[in-house]
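Next comes target-v6.cif, a file with mmCIF, C-alpha atoms.
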data_entry
loop_
_atom_site.group_PDB
_atom_site.id
_atom_site.type_symbol
_atom_site.label_atom_id
_atom_site.label_comp_id
_atom_site.auth_asym_id
_atom_site.auth_seq_id
_atom_site.Cartn_x
_atom_site.Cartn_y
_atom_site.Cartn_z
ATOM 1 C CA MET A 18 -94.035 -10.899 116.188
ATOM 2 C CA SER A 19 -91.767 -12.542 113.636
ATOM 3 C CA PRO A 20 -89.272 -10.132 112.024
ATOM 4 C CA VAL A 21 -90.806 -11.023 108.634
ATOM 5 C CA PHE A 22 -93.979 -9.212 109.691
ATOM 6 C CA SER A 23 -92.375 -6.266 111.431
ATOM 7 C CA SER A 24 -94.409 -3.088 111.525
ATOM 8 C CA GLY A 25 -91.850 -1.393 109.263
ATOM 9 C CA ARG A 26 -92.281 -4.005 106.529
ATOM 10 C CA ILE A 27 -96.051 -3.951 106.780
ATOM 11 C CA LEU A 28 -95.937 -0.193 106.504
ATOM 12 C CA LEU A 29 -93.689 -0.295 103.453
ATOM 13 C CA LEU A 30 -95.906 -2.910 101.832
ATOM 14 C CA SER A 31 -98.990 -0.781 102.501
ATOM 15 C CA ALA A 32 -97.301 2.267 100.991
ATOM 16 C CA ALA A 33 -96.318 0.255 97.910
ATOM 17 C CA LEU A 34 -99.874 -1.057 97.521
ATOM 18 C CA LEU A 35 -101.229 2.465 97.881
ATOM 19 C CA ILE A 36 -98.970 3.674 95.062
ATOM 20 C CA VAL A 37 -99.849 0.710 92.812
ATOM 21 C CA ALA A 38 -103.581 1.262 93.407
ATOM 22 C CA GLN A 39 -103.174 4.936 92.600
ATOM 23 C CA LEU A 40 -101.291 4.089 89.419
ATOM 24 C CA ALA A 41 -104.062 1.754 88.328
ATOM 25 C CA SER A 42 -106.793 4.314 88.874
ATOM 26 C CA ALA A 43 -104.896 7.421 87.767
ATOM 27 C CA GLN A 44 -106.266 7.256 84.235
ATOM 28 C CA GLU A 45 -109.867 7.126 85.377
ATOM 29 C CA GLU A 46 -109.798 9.929 87.896
ATOM 30 C CA LEU A 47 -109.371 13.077 85.901
ATOM 31 C CA GLU A 48 -112.355 14.412 84.059
ATOM 32 C CA PHE A 49 -111.384 16.941 81.425
ATOM 33 C CA ASP A 50 -112.996 20.330 81.708
ATOM 34 C CA ILE A 51 -114.291 21.125 78.223
ATOM 35 C CA ASN A 52 -116.813 23.764 79.193
ATOM 36 C CA THR A 53 -114.666 26.875 79.166
ATOM 37 C CA PRO A 54 -115.921 29.823 77.064
ATOM 38 C CA ALA A 55 -112.985 29.457 74.647
ATOM 39 C CA ILE A 56 -113.650 25.749 74.057
ATOM 40 C CA MET A 57 -117.402 26.331 73.641
ATOM 41 C CA LEU A 58 -116.719 29.080 71.114
ATOM 42 C CA LEU A 59 -114.349 26.881 69.116
ATOM 43 C CA GLN A 60 -116.936 24.086 69.001
ATOM 44 C CA LYS A 61 -119.550 26.495 67.705
ATOM 45 C CA SER A 62 -117.210 27.805 65.042
ATOM 46 C CA MET A 63 -116.261 24.268 63.952
ATOM 47 C CA ALA A 64 -119.903 23.102 63.935
ATOM 48 C CA ASN A 65 -120.819 25.963 61.597
ATOM 49 C CA ARG A 66 -117.874 25.243 59.336
ATOM 50 C CA PHE A 67 -118.723 21.527 59.282
ATOM 51 C CA LEU A 68 -121.883 22.320 57.314
ATOM 52 C CA GLN A 69 -119.716 23.863 54.585
ATOM 53 C CA LEU A 70 -117.085 21.140 54.715
ATOM 54 C CA LYS A 71 -119.498 18.208 54.770
ATOM 55 C CA PRO A 72 -120.123 17.984 50.983
ATOM 56 C CA HIS A 73 -116.374 17.959 50.330
ATOM 57 C CA LEU A 74 -115.786 15.323 53.005
ATOM 58 C CA GLU A 75 -118.569 13.239 51.474
ATOM 59 C CA SER A 76 -117.191 13.577 47.959
ATOM 60 C CA GLY A 77 -113.706 12.605 49.103
ATOM 61 C CA SER A 78 -112.067 15.855 48.048
ATOM 62 C CA VAL A 79 -111.190 16.450 51.680
ATOM 63 C CA GLY A 80 -110.331 13.894 54.340
ATOM 64 C CA LEU A 81 -109.241 13.621 57.935
ATOM 65 C CA THR A 82 -105.684 12.987 59.031
ATOM 66 C CA HIS A 83 -104.500 10.681 61.798
ATOM 67 C CA ASP A 84 -103.116 13.633 63.741
ATOM 68 C CA GLY A 85 -106.455 15.349 64.277
ATOM 69 C CA ALA A 86 -106.470 17.697 61.304
ATOM 70 C CA ILE A 87 -108.108 17.756 57.855
ATOM 71 C CA SER A 88 -106.458 17.922 54.452
ATOM 72 C CA TRP A 89 -107.024 17.931 50.717
ATOM 73 C CA ARG A 90 -107.284 14.392 49.343
ATOM 74 C CA ASP A 91 -108.242 14.978 45.732
ATOM 75 C CA ASP A 92 -108.813 18.347 44.105
ATOM 76 C CA ALA A 93 -108.934 17.094 40.498
ATOM 77 C CA LEU A 94 -112.624 17.840 39.965
ATOM 78 C CA ILE A 95 -112.669 21.128 41.859
ATOM 79 C CA ASP A 96 -112.768 24.399 39.938
ATOM 80 C CA ALA A 97 -110.399 27.219 40.829
ATOM 81 C CA ASN A 98 -112.888 29.341 42.753
ATOM 82 C CA THR A 99 -114.165 26.444 44.827
ATOM 83 C CA ARG A 100 -110.576 25.405 45.476
ATOM 84 C CA VAL A 101 -109.797 28.783 47.022
ATOM 85 C CA MET A 102 -112.913 28.521 49.196
ATOM 86 C CA ILE A 103 -112.082 24.969 50.350
ATOM 87 C CA ASP A 104 -108.469 25.968 50.975
ATOM 88 C CA SER A 105 -109.682 28.673 53.281
ATOM 89 C CA LEU A 106 -112.065 26.269 55.070
ATOM 90 C CA ILE A 107 -109.277 23.733 55.586
ATOM 91 C CA ASN A 108 -106.903 26.361 56.949
ATOM 92 C CA GLU A 109 -109.500 27.793 59.315
ATOM 93 C CA GLU A 110 -110.566 24.335 60.469
ATOM 94 C CA ASN A 111 -106.995 23.244 61.188
ATOM 95 C CA LYS A 112 -106.327 26.470 63.017
ATOM 96 C CA ASP A 113 -109.416 25.918 65.196
ATOM 97 C CA ARG A 114 -108.501 22.302 65.805
ATOM 98 C CA ALA A 115 -104.979 23.191 66.907
ATOM 99 C CA THR A 116 -106.381 25.871 69.207
ATOM 100 C CA LEU A 117 -108.954 23.422 70.565
ATOM 101 C CA TYR A 118 -106.315 20.864 71.580
ATOM 102 C CA ARG A 119 -104.176 23.584 73.117
ATOM 103 C CA GLU A 120 -107.133 25.107 74.970
ATOM 104 C CA ILE A 121 -108.228 21.781 76.456
ATOM 105 C CA ALA A 122 -104.687 21.137 77.699
ATOM 106 C CA ARG A 123 -104.407 24.665 79.052
ATOM 107 C CA ALA A 124 -107.876 24.670 80.682
ATOM 108 C CA ASN A 125 -106.926 21.503 82.517
ATOM 109 C CA ARG A 126 -103.578 22.930 83.600
ATOM 110 C CA ARG A 127 -101.593 20.348 81.674
ATOM 111 C CA PRO A 128 -100.230 22.193 78.617
ATOM 112 C CA GLU A 129 -97.744 19.363 78.088
ATOM 113 C CA TRP A 130 -100.652 17.022 77.268
ATOM 114 C CA GLU A 131 -101.442 18.867 74.035
ATOM 115 C CA PRO A 132 -99.732 16.270 71.759
ATOM 116 C CA GLU A 133 -101.543 13.382 73.477
ATOM 117 C CA LEU A 134 -104.851 15.228 73.195
ATOM 118 C CA ARG A 135 -104.240 15.866 69.513
ATOM 119 C CA SER A 136 -103.476 12.199 68.965
ATOM 120 C CA THR A 137 -106.552 11.102 70.958
ATOM 121 C CA PHE A 138 -108.768 13.422 68.937
ATOM 122 C CA GLY A 139 -107.186 12.139 65.728
ATOM 123 C CA LYS A 140 -108.162 8.585 66.647
ATOM 124 C CA ARG A 141 -111.658 9.522 67.778
ATOM 125 C CA TRP A 142 -112.419 11.647 64.696
ATOM 126 C CA ILE A 143 -111.473 8.669 62.521
ATOM 127 C CA ALA A 144 -113.424 6.204 64.694
ATOM 128 C CA ARG A 145 -116.494 8.416 64.309
ATOM 129 C CA LEU A 146 -116.018 8.945 60.591
ATOM 130 C CA PRO A 147 -119.044 8.089 58.425
ATOM 131 C CA VAL A 148 -118.797 5.178 56.041
ATOM 132 C CA GLY A 149 -117.370 6.264 52.677
ATOM 133 C CA TRP A 150 -115.364 9.196 54.013
ATOM 134 C CA PHE A 151 -111.591 9.263 53.751
ATOM 135 C CA TYR A 152 -108.788 9.537 56.260
ATOM 136 C CA ARG A 153 -105.016 9.553 55.976
ATOM 137 C CA ASN A 154 -103.350 7.010 58.235
ATOM 138 C CA ALA A 155 -100.069 7.374 60.112
ATOM 139 C CA GLY A 156 -98.221 5.906 57.118
ATOM 140 C CA GLY A 157 -99.491 8.727 54.889
ATOM 141 C CA LEU A 158 -101.895 6.532 52.915
ATOM 142 C CA TRP A 159 -105.497 7.477 52.297
ATOM 143 C CA GLU A 160 -108.075 4.946 53.391
ATOM 144 C CA LYS A 161 -111.811 4.838 52.859
ATOM 145 C CA LYS A 162 -113.918 4.191 55.939
ATOM 146 C CA MET B 28 -86.398 3.067 119.788
ATOM 147 C CA LYS B 29 -90.078 4.088 119.907
ATOM 148 C CA THR B 30 -89.249 7.583 118.641
ATOM 149 C CA ARG B 31 -87.292 6.089 115.769
ATOM 150 C CA LYS B 32 -90.201 3.856 114.784
ATOM 151 C CA THR B 33 -92.644 6.776 114.909
ATOM 152 C CA LEU B 34 -90.299 8.800 112.733
ATOM 153 C CA LEU B 35 -90.042 5.923 110.245
ATOM 154 C CA VAL B 36 -93.837 5.622 110.100
ATOM 155 C CA ALA B 37 -94.159 9.365 109.491
ATOM 156 C CA VAL B 38 -91.498 9.388 106.777
ATOM 157 C CA VAL B 39 -92.930 6.369 104.933
ATOM 158 C CA LEU B 40 -96.493 7.696 105.059
ATOM 159 C CA ALA B 41 -95.464 11.180 103.949
ATOM 160 C CA THR B 42 -93.475 9.718 101.043
ATOM 161 C CA ALA B 43 -96.352 7.467 99.990
ATOM 162 C CA LEU B 44 -98.869 10.294 100.130
ATOM 163 C CA THR B 45 -96.623 12.638 98.179
ATOM 164 C CA MET B 46 -95.977 9.981 95.546
ATOM 165 C CA THR B 47 -99.652 9.126 95.135
ATOM 166 C CA GLY B 48 -100.405 12.805 94.682
ATOM 167 C CA CYS B 49 -97.799 13.062 91.962
ATOM 168 C CA VAL B 50 -98.739 9.826 90.242
ATOM 169 C CA SER B 51 -102.291 10.986 89.517
ATOM 170 C CA THR B 52 -100.954 13.837 87.413
ATOM 171 C CA LEU B 53 -97.999 12.053 85.808
ATOM 172 C CA PHE B 54 -99.940 9.880 83.417
ATOM 173 C CA PHE B 55 -102.098 11.067 80.572
ATOM 174 C CA PRO B 56 -105.669 9.925 81.320
ATOM 175 C CA ALA B 57 -106.390 8.354 77.934
ATOM 176 C CA LYS B 58 -109.912 7.115 78.738
ATOM 177 C CA SER B 59 -111.015 10.508 80.045
ATOM 178 C CA ALA B 60 -109.490 12.177 76.999
ATOM 179 C CA GLU B 61 -111.433 9.861 74.678
ATOM 180 C CA LYS B 62 -114.613 10.689 76.568
ATOM 181 C CA ALA B 63 -113.945 14.412 76.236
ATOM 182 C CA ALA B 64 -113.109 14.026 72.535
ATOM 183 C CA ASP B 65 -116.343 12.129 71.892
ATOM 184 C CA LYS B 66 -118.394 14.822 73.638
ATOM 185 C CA ILE B 67 -116.800 17.542 71.546
ATOM 186 C CA ILE B 68 -117.151 15.570 68.312
ATOM 187 C CA ASP B 69 -120.844 15.068 69.131
ATOM 188 C CA ASN B 70 -121.221 18.824 69.437
ATOM 189 C CA ILE B 71 -119.354 19.595 66.235
ATOM 190 C CA TRP B 72 -120.794 16.759 64.154
ATOM 191 C CA PRO B 73 -124.379 16.607 65.401
ATOM 192 C CA ALA B 74 -125.290 14.443 62.437
ATOM 193 C CA ALA B 75 -123.064 11.727 63.862
ATOM 194 C CA ALA B 76 -126.159 10.261 65.505
ATOM 195 C CA LYS B 77 -127.521 9.346 62.088
ATOM 196 C CA PRO B 78 -127.353 5.670 61.080
ATOM 197 C CA GLU B 79 -124.965 6.186 58.198
ATOM 198 C CA PHE B 80 -122.359 7.391 60.648
ATOM 199 C CA ALA B 81 -120.152 5.021 62.583
ATOM 200 C CA LYS B 82 -121.375 4.162 66.052
ATOM 201 C CA PRO B 83 -119.985 6.482 68.768
ATOM 202 C CA ASP B 84 -118.177 3.687 70.578
ATOM 203 C CA ALA B 85 -116.691 2.230 67.416
ATOM 204 C CA LYS B 86 -112.971 2.277 67.936
ATOM 205 C CA LYS B 87 -111.927 0.365 64.859
ATOM 206 C CA SER B 88 -111.635 2.307 61.665
#
Just give me the structure of the file as structure tokens.
Amino acid sequence: MSPVFSSGRILLLSAALLIVAQLASAQEELEFDINTPAIMLLQKSMANRFLQLKPHLESGSVGLTHDGAISWRDDALIDANTRVMIDSLINEENKDRATLYREIARANRRPEWEPELRSTFGKRWIARLPVGWFYRNAGGLWEKK
Amino acid sequence: MKTRKTLLVAVVLATALTMTGCVSTLFFPAKSAEKAADKIIDNIWPAAAKPEFAKPDAKKS
């Protein structure tokens, strides 16, 4: 056998190909576990709160942010009592969202993925946003879907 | 000479296997994360199936 095709070189080439193939498929392999009791509970809590938040998201008083949270957009036409109620909803929602991202990372034994999960959720919330609702982009500007 | 070759084979294979094991957990699986996010959003925003909402696979805002 020619030295160019020595068993050592073939072996090294095979190992390199194995690593490249693994790199290419790494993203597709892991399926996130999102069925833990904590994650299910958070979803339920957020689904219930969504019913209360929906009118304010529709009116544009509240909008989504690029980093997977929600925020006030315009409170000009909101009376003081309603403002307190919406404030509380926003705070609770953002608390649940932060816990959700942390829980998914923790449940999948990759706590260091929390920022990436938050960012992914931010993008997906905005992608799924109904027409006419508002979101704040990464530059801090509000945009209408 | 034969023993040396066998040792080389073992070392290369062990290294490759260890590296492939590590690689699968090094990179954030973005596609899987999007899939998980969509499932959760579906559960939280059940009305997202309605026509006035953006389509689930719409990635552009």
Proximity to Ile87 of chain A - best of A:Leu35, A:Leu58, A:Ala122, A:Leu74, only C-alpha atoms:
A:Leu74
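A straight line drawn from atom CA of His83 of chain A to atom CA of Trp159 of chain A is 10.1 Å long.
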Could you state the separation of atom CA of Pro132 of chain A and atom CA of Gly85 of chain A in Å, given to one decimal place?
10.1 Å
When the PyMOL selection byres ((chain A and resi 135) around 10) is applied to the structure above, which residues does it catch, written out as a PyMOL selection string?
(chain A and resi 83-86+114-115+117-119+121-122+130-134+136-141) or (chain B and resi 60+64)
Can you list, as a ChimeraX atom specification, the residues that the PyMOL selection byres ((chain A and resi 103) around 9) selects here?
/A:69-70,73,79,89,98-102,104-108
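The space separating atom CA of Asn65 of chain A from atom CA of Glu61 of chain B comes to 22.8 Å.
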Evaluate the PyMOL selection byres ((chain B and resi 66) around 12) on the structure here and hand back the selected residues as a ChimeraX atom specification.
/A:49-52,56-57,60,138,141-142,145 /B:59-65,67-73,75,83-84
Listed atoms of segment 60-76 of chain B boxed along x, y and z, 3 Å each side, centre and edge lengths in Å, one decimal, as JSON:
{"center_x": -117.8, "center_y": 14.7, "center_z": 69.7, "size_x": 22.7, "size_y": 15.7, "size_z": 20.6}
Calculated over all atoms listed in the file, which of the candidates A:Glu129, A:Glu75, A:Glu48, A:Asp96 has the smallest distance to chain B?
A:Glu48
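Compared by their closest atoms to Lys61 of chain A, and using all atoms listed in the file, the residues A:Asp113, A:Gly80, A:Leu29, A:Pro128 rank with A:Asp113 nearest.
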Saving segment 44-139 of chain A with C-alpha atoms, as a compact mmCIF listing (two decimals), in the first residue's frame, what would that file be?
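Now in result.txt:
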# COMPACT_ATOMS: atom_id res chain seq x y z
CA GLN A 44 -28.16 20.79 16.57
CA GLU A 45 -30.81 18.33 15.48
CA GLU A 46 -30.21 15.63 18.05
CA LEU A 47 -31.32 17.08 21.33
CA GLU A 48 -35.00 17.31 22.00
CA PHE A 49 -35.78 19.66 24.85
CA ASP A 50 -37.74 18.20 27.71
CA ILE A 51 -40.55 20.67 28.38
CA ASN A 52 -42.87 18.35 30.25
CA THR A 53 -41.60 18.73 33.79
CA PRO A 54 -44.19 19.63 36.46
CA ALA A 55 -42.58 23.06 36.99
CA ILE A 56 -42.70 23.92 33.28
CA MET A 57 -46.29 22.68 32.94
CA LEU A 58 -47.33 24.78 35.93
CA LEU A 59 -45.67 27.90 34.51
CA GLN A 60 -47.45 27.41 31.18
CA LYS A 61 -50.79 27.12 32.95
CA SER A 62 -50.14 30.25 34.96
CA MET A 63 -49.08 32.19 31.85
CA ALA A 64 -52.06 30.92 29.82
CA ASN A 65 -54.44 32.18 32.51
CA ARG A 66 -52.69 35.53 32.68
CA PHE A 67 -52.73 35.84 28.89
CA LEU A 68 -56.52 36.19 29.00
CA GLN A 69 -56.10 39.28 31.20
CA LEU A 70 -53.19 40.67 29.21
CA LYS A 71 -54.72 40.12 25.77
CA PRO A 72 -56.86 43.31 25.65
CA HIS A 73 -53.84 45.42 26.59
CA LEU A 74 -51.65 43.69 24.02
CA GLU A 75 -54.35 44.27 21.41
CA SER A 76 -54.73 47.94 22.30
CA GLY A 77 -50.97 48.48 22.15
CA SER A 78 -50.63 49.57 25.77
CA VAL A 79 -48.40 46.56 26.33
CA GLY A 80 -45.99 44.94 23.90
CA LEU A 81 -43.42 42.19 23.67
CA THR A 82 -39.69 42.75 23.87
CA HIS A 83 -37.00 41.12 21.76
CA ASP A 84 -35.52 39.46 24.83
CA GLY A 85 -38.56 37.34 25.63
CA ALA A 86 -40.32 39.62 28.08
CA ILE A 87 -43.27 42.05 27.96
CA SER A 88 -43.32 45.75 28.74
CA TRP A 89 -45.44 48.88 28.85
CA ARG A 90 -45.57 50.58 25.45
CA ASP A 91 -48.09 53.35 26.01
CA ASP A 92 -49.96 54.03 29.23
CA ALA A 93 -51.38 57.43 28.22
CA LEU A 94 -55.01 56.28 28.06
CA ILE A 95 -54.87 54.03 31.11
CA ASP A 96 -56.43 55.18 34.37
CA ALA A 97 -54.52 54.88 37.63
CA ASN A 98 -56.29 51.79 38.94
CA THR A 99 -55.95 49.88 35.69
CA ARG A 100 -52.30 50.92 35.53
CA VAL A 101 -51.61 49.30 38.89
CA MET A 102 -53.36 46.12 37.73
CA ILE A 103 -51.43 46.00 34.43
CA ASP A 104 -48.18 46.75 36.25
CA SER A 105 -48.78 43.74 38.41
CA LEU A 106 -49.63 41.55 35.39
CA ILE A 107 -46.45 42.64 33.59
CA ASN A 108 -44.29 41.95 36.63
CA GLU A 109 -45.83 38.53 37.22
CA GLU A 110 -45.59 37.62 33.54
CA ASN A 111 -41.92 38.61 33.32
CA LYS A 112 -41.18 36.71 36.49
CA ASP A 113 -42.84 33.58 35.05
CA ARG A 114 -41.07 34.00 31.75
CA ALA A 115 -37.66 34.29 33.41
CA THR A 116 -38.43 31.22 35.50
CA LEU A 117 -39.62 29.35 32.41
CA TYR A 118 -36.36 29.93 30.53
CA ARG A 119 -34.34 28.97 33.59
CA GLU A 120 -36.44 25.86 34.21
CA ILE A 121 -36.11 24.62 30.63
CA ALA A 122 -32.33 25.04 30.80
CA ARG A 123 -32.19 23.36 34.20
CA ALA A 124 -34.54 20.49 33.24
CA ASN A 125 -32.28 19.74 30.29
CA ARG A 126 -29.15 19.90 32.43
CA ARG A 127 -27.73 22.86 30.55
CA PRO A 128 -28.22 25.86 32.87
CA GLU A 129 -25.71 27.80 30.78
CA TRP A 130 -28.16 27.74 27.85
CA GLU A 131 -30.62 30.03 29.64
CA PRO A 132 -29.59 33.19 27.70
CA GLU A 133 -29.87 31.38 24.35
CA LEU A 134 -33.27 29.99 25.34
CA ARG A 135 -34.45 33.45 26.34
CA SER A 136 -33.29 34.85 23.02
CA THR A 137 -34.92 31.99 21.07
CA PHE A 138 -38.20 32.52 22.89
CA GLY A 139 -37.95 36.26 22.25
